[in-house]
Amino acid sequence: MYGLTSQIRRASVSVPSNIAEGNSRRSKPDYVQFLKISRGSCSEVETQLLISKNLNFLEENEYIKLNKDIIEISKMLNGLINSLQ
């Protein structure tokens with residue numbers, strides 16, 4: 001379980017970190033690339049949450065709440081990416 005928790009934390013931290021790094025590049029193509037990396041990290045978290053639920057490390061109601069949040073973040077990233085392209 002520790003390994004999975006660690007992976008979720010790393011991927012979760014990766015989302016805002018890549019947004020910040022991309023924005024600091026001051027180049028639209030670079031920013032979009034880092035936003036896509038952030039979106040990939042969201043997918044990692046989504047998968048890791050599902051694995052956690054399937055292994056009974058996470059209760060269904062908590063999974064539903066967290067999964068809803070990560071899907072919303074992914075949608076926001078998609079909107080930002082689309083507006084920049």
# chains A, B, ... in the order shown; residues from 1 in each chain; ligands from 1
>>> residues_around(residues="Gln48 (chain A)", least_positions_apart="6", cutoff="8 Å", atoms="only C-alpha atoms", output="count of residues only")
3
>>> residues_around(residues="Ser43 (chain A)", least_positions_apart="3", cutoff="12 Å", atoms="only C-alpha atoms", output="ChimeraX atom specification")
/A:8,11-12,14-15,36-40,46-50,67,69-75,77
>>> write_last_selection(atoms="N, CA and C atoms", output="tab-separated table (two decimals), in the first residue's frame")
chain	number	residue	atom	x	y	z
A	8	ILE	N	0.61	7.96	-5.88
A	8	ILE	CA	-0.50	8.91	-5.95
A	8	ILE	C	-0.02	10.30	-5.55
A	11	ALA	N	2.27	11.75	-8.41
A	11	ALA	CA	1.49	12.15	-9.59
A	11	ALA	C	0.64	13.38	-9.28
A	12	SER	N	0.09	13.45	-8.07
A	12	SER	CA	-0.73	14.60	-7.67
A	12	SER	C	0.09	15.88	-7.62
A	14	SER	N	2.76	16.39	-9.32
A	14	SER	CA	3.20	16.64	-10.68
A	14	SER	C	2.24	17.54	-11.44
A	15	VAL	N	0.95	17.45	-11.14
A	15	VAL	CA	-0.05	18.23	-11.88
A	15	VAL	C	0.22	19.74	-11.77
A	36	LYS	N	-0.14	19.24	-21.12
A	36	LYS	CA	-0.44	17.85	-21.53
A	36	LYS	C	0.22	16.86	-20.58
A	37	ILE	N	1.40	17.18	-20.10
A	37	ILE	CA	2.06	16.33	-19.12
A	37	ILE	C	1.22	16.31	-17.83
A	38	SER	N	0.70	17.47	-17.44
A	38	SER	CA	-0.16	17.56	-16.25
A	38	SER	C	-1.41	16.70	-16.44
A	39	ARG	N	-1.98	16.74	-17.62
A	39	ARG	CA	-3.16	15.93	-17.92
A	39	ARG	C	-2.83	14.45	-17.81
A	40	GLY	N	-1.63	14.08	-18.26
A	40	GLY	CA	-1.19	12.69	-18.12
A	40	GLY	C	-1.06	12.28	-16.66
A	46	GLU	N	-5.98	9.05	-11.60
A	46	GLU	CA	-7.28	8.40	-11.80
A	46	GLU	C	-7.13	6.87	-11.78
A	47	THR	N	-6.12	6.37	-12.46
A	47	THR	CA	-5.88	4.93	-12.49
A	47	THR	C	-5.47	4.40	-11.12
A	48	GLN	N	-4.61	5.13	-10.43
A	48	GLN	CA	-4.14	4.70	-9.11
A	48	GLN	C	-5.27	4.72	-8.09
A	49	LEU	N	-6.20	5.65	-8.22
A	49	LEU	CA	-7.36	5.66	-7.33
A	49	LEU	C	-8.24	4.43	-7.57
A	50	LEU	N	-8.42	4.09	-8.84
A	50	LEU	CA	-9.22	2.91	-9.17
A	50	LEU	C	-8.56	1.64	-8.62
A	67	ASN	N	-12.33	10.78	-7.43
A	67	ASN	CA	-12.37	10.58	-8.87
A	67	ASN	C	-13.10	11.74	-9.55
A	69	ASP	N	-13.19	14.78	-8.48
A	69	ASP	CA	-12.25	15.92	-8.44
A	69	ASP	C	-11.20	15.82	-9.54
A	70	ILE	N	-10.62	14.64	-9.72
A	70	ILE	CA	-9.55	14.50	-10.71
A	70	ILE	C	-10.11	14.63	-12.13
A	71	ILE	N	-11.33	14.18	-12.35
A	71	ILE	CA	-11.97	14.35	-13.66
A	71	ILE	C	-12.22	15.84	-13.93
A	72	GLU	N	-12.65	16.57	-12.91
A	72	GLU	CA	-12.87	18.01	-13.07
A	72	GLU	C	-11.57	18.74	-13.39
A	73	ILE	N	-10.50	18.36	-12.73
A	73	ILE	CA	-9.19	18.97	-13.01
A	73	ILE	C	-8.77	18.67	-14.44
A	74	SER	N	-8.98	17.45	-14.89
A	74	SER	CA	-8.64	17.07	-16.27
A	74	SER	C	-9.44	17.90	-17.27
A	75	LYS	N	-10.71	18.11	-16.98
A	75	LYS	CA	-11.54	18.92	-17.87
A	75	LYS	C	-11.03	20.36	-17.92
A	77	LEU	N	-7.95	21.33	-17.46
A	77	LEU	CA	-6.72	21.30	-18.24
A	77	LEU	C	-7.04	21.20	-19.73
>>> atom_distance(atom1="CA of Asn18 (chain A)", atom2="CA of Tyr63 (chain A)")
24.4 Å
>>> atom_distance(atom1="CA of Val32 (chain A)", atom2="CA of Ala20 (chain A)")
11.5 Å
>>> atom_distance(atom1="CA of Asn54 (chain A)", atom2="CA of Asn78 (chain A)")
27.3 Å
>>> residues_around(residues="region 83-85 of chain A", least_positions_apart="3", cutoff="9 Å", atoms="only C-alpha atoms", output="list in words")
Lys28, Pro29, Tyr31, Val32, Asn78, Gly79 and Leu80 of chain A
>>> closest_residue(among="A:Leu35, A:Asp30, A:Lys68, A:Lys53", to="Pro16 (chain A)", atoms="only C-alpha atoms")
A:Leu35
>>> closest_residue(among="A:Arg26, A:Asn61, A:Leu55, A:Leu66", to="Cys42 (chain A)", atoms="only C-alpha atoms")
A:Leu66
>>> decode(residues="chain A", atoms="C-alpha atoms", output="short mmCIF file (atom, residue, chain, number, x, y, z; two decimals), in the first residue's frame")
data_model
loop_
_atom_site.label_atom_id
_atom_site.label_comp_id
_atom_site.auth_asym_id
_atom_site.auth_seq_id
_atom_site.Cartn_x
_atom_site.Cartn_y
_atom_site.Cartn_z
CA MET A 1 0.00 0.00 0.00
CA TYR A 2 2.87 2.40 0.77
CA GLY A 3 4.12 2.24 -2.82
CA LEU A 4 0.69 3.07 -4.21
CA THR A 5 0.26 5.96 -1.77
CA SER A 6 3.66 7.29 -2.78
CA GLN A 7 2.78 7.05 -6.49
CA ILE A 8 -0.50 8.91 -5.95
CA ARG A 9 1.30 11.66 -4.06
CA ARG A 10 3.99 12.04 -6.73
CA ALA A 11 1.49 12.15 -9.59
CA SER A 12 -0.73 14.60 -7.67
CA VAL A 13 2.18 16.95 -7.03
CA SER A 14 3.20 16.64 -10.68
CA VAL A 15 -0.05 18.23 -11.88
CA PRO A 16 0.42 21.78 -10.49
CA SER A 17 4.21 21.55 -10.76
CA ASN A 18 4.05 21.01 -14.53
CA ILE A 19 1.48 23.78 -14.93
CA ALA A 20 3.82 26.19 -13.12
CA GLU A 21 6.89 25.04 -15.04
CA GLY A 22 5.15 25.33 -18.38
CA ASN A 23 3.86 28.80 -17.58
CA SER A 24 7.34 29.96 -16.62
CA ARG A 25 8.70 28.99 -20.05
CA ARG A 26 6.86 31.97 -21.59
CA SER A 27 6.30 30.06 -24.81
CA LYS A 28 2.81 28.93 -25.76
CA PRO A 29 3.94 25.62 -27.32
CA ASP A 30 6.04 24.81 -24.23
CA TYR A 31 3.16 25.73 -21.93
CA VAL A 32 0.78 23.48 -23.87
CA GLN A 33 3.27 20.61 -23.71
CA PHE A 34 3.56 20.93 -19.93
CA LEU A 35 -0.23 21.14 -19.62
CA LYS A 36 -0.44 17.85 -21.53
CA ILE A 37 2.06 16.33 -19.12
CA SER A 38 -0.16 17.56 -16.25
CA ARG A 39 -3.16 15.93 -17.92
CA GLY A 40 -1.19 12.69 -18.12
CA SER A 41 -0.48 12.91 -14.40
CA CYS A 42 -4.22 13.31 -13.82
CA SER A 43 -4.76 10.07 -15.72
CA GLU A 44 -2.14 8.39 -13.54
CA VAL A 45 -3.94 9.54 -10.38
CA GLU A 46 -7.28 8.40 -11.80
CA THR A 47 -5.88 4.93 -12.49
CA GLN A 48 -4.14 4.70 -9.11
CA LEU A 49 -7.36 5.66 -7.33
CA LEU A 50 -9.22 2.91 -9.17
CA ILE A 51 -6.53 0.40 -8.22
CA SER A 52 -6.75 1.57 -4.61
CA LYS A 53 -10.51 1.08 -4.61
CA ASN A 54 -10.26 -2.35 -6.24
CA LEU A 55 -7.72 -3.44 -3.62
CA ASN A 56 -10.03 -2.13 -0.87
CA PHE A 57 -7.51 0.50 0.22
CA LEU A 58 -10.09 3.19 -0.52
CA GLU A 59 -13.79 3.19 0.35
CA GLU A 60 -16.29 3.59 -2.47
CA ASN A 61 -17.63 6.95 -1.29
CA GLU A 62 -14.12 8.38 -0.96
CA TYR A 63 -13.17 7.01 -4.37
CA ILE A 64 -16.22 8.64 -5.96
CA LYS A 65 -15.36 12.04 -4.44
CA LEU A 66 -11.67 11.91 -5.39
CA ASN A 67 -12.37 10.58 -8.87
CA LYS A 68 -14.89 13.36 -9.47
CA ASP A 69 -12.25 15.92 -8.44
CA ILE A 70 -9.55 14.50 -10.71
CA ILE A 71 -11.97 14.35 -13.66
CA GLU A 72 -12.87 18.01 -13.07
CA ILE A 73 -9.19 18.97 -13.01
CA SER A 74 -8.64 17.07 -16.27
CA LYS A 75 -11.54 18.92 -17.87
CA MET A 76 -10.08 22.26 -16.77
CA LEU A 77 -6.72 21.30 -18.24
CA ASN A 78 -8.41 20.25 -21.51
CA GLY A 79 -10.19 23.60 -21.68
CA LEU A 80 -6.97 25.50 -21.11
CA ILE A 81 -5.10 23.42 -23.68
CA ASN A 82 -7.86 23.96 -26.24
CA SER A 83 -7.93 27.70 -25.62
CA LEU A 84 -4.16 27.93 -26.22
CA GLN A 85 -4.07 25.85 -29.41
#
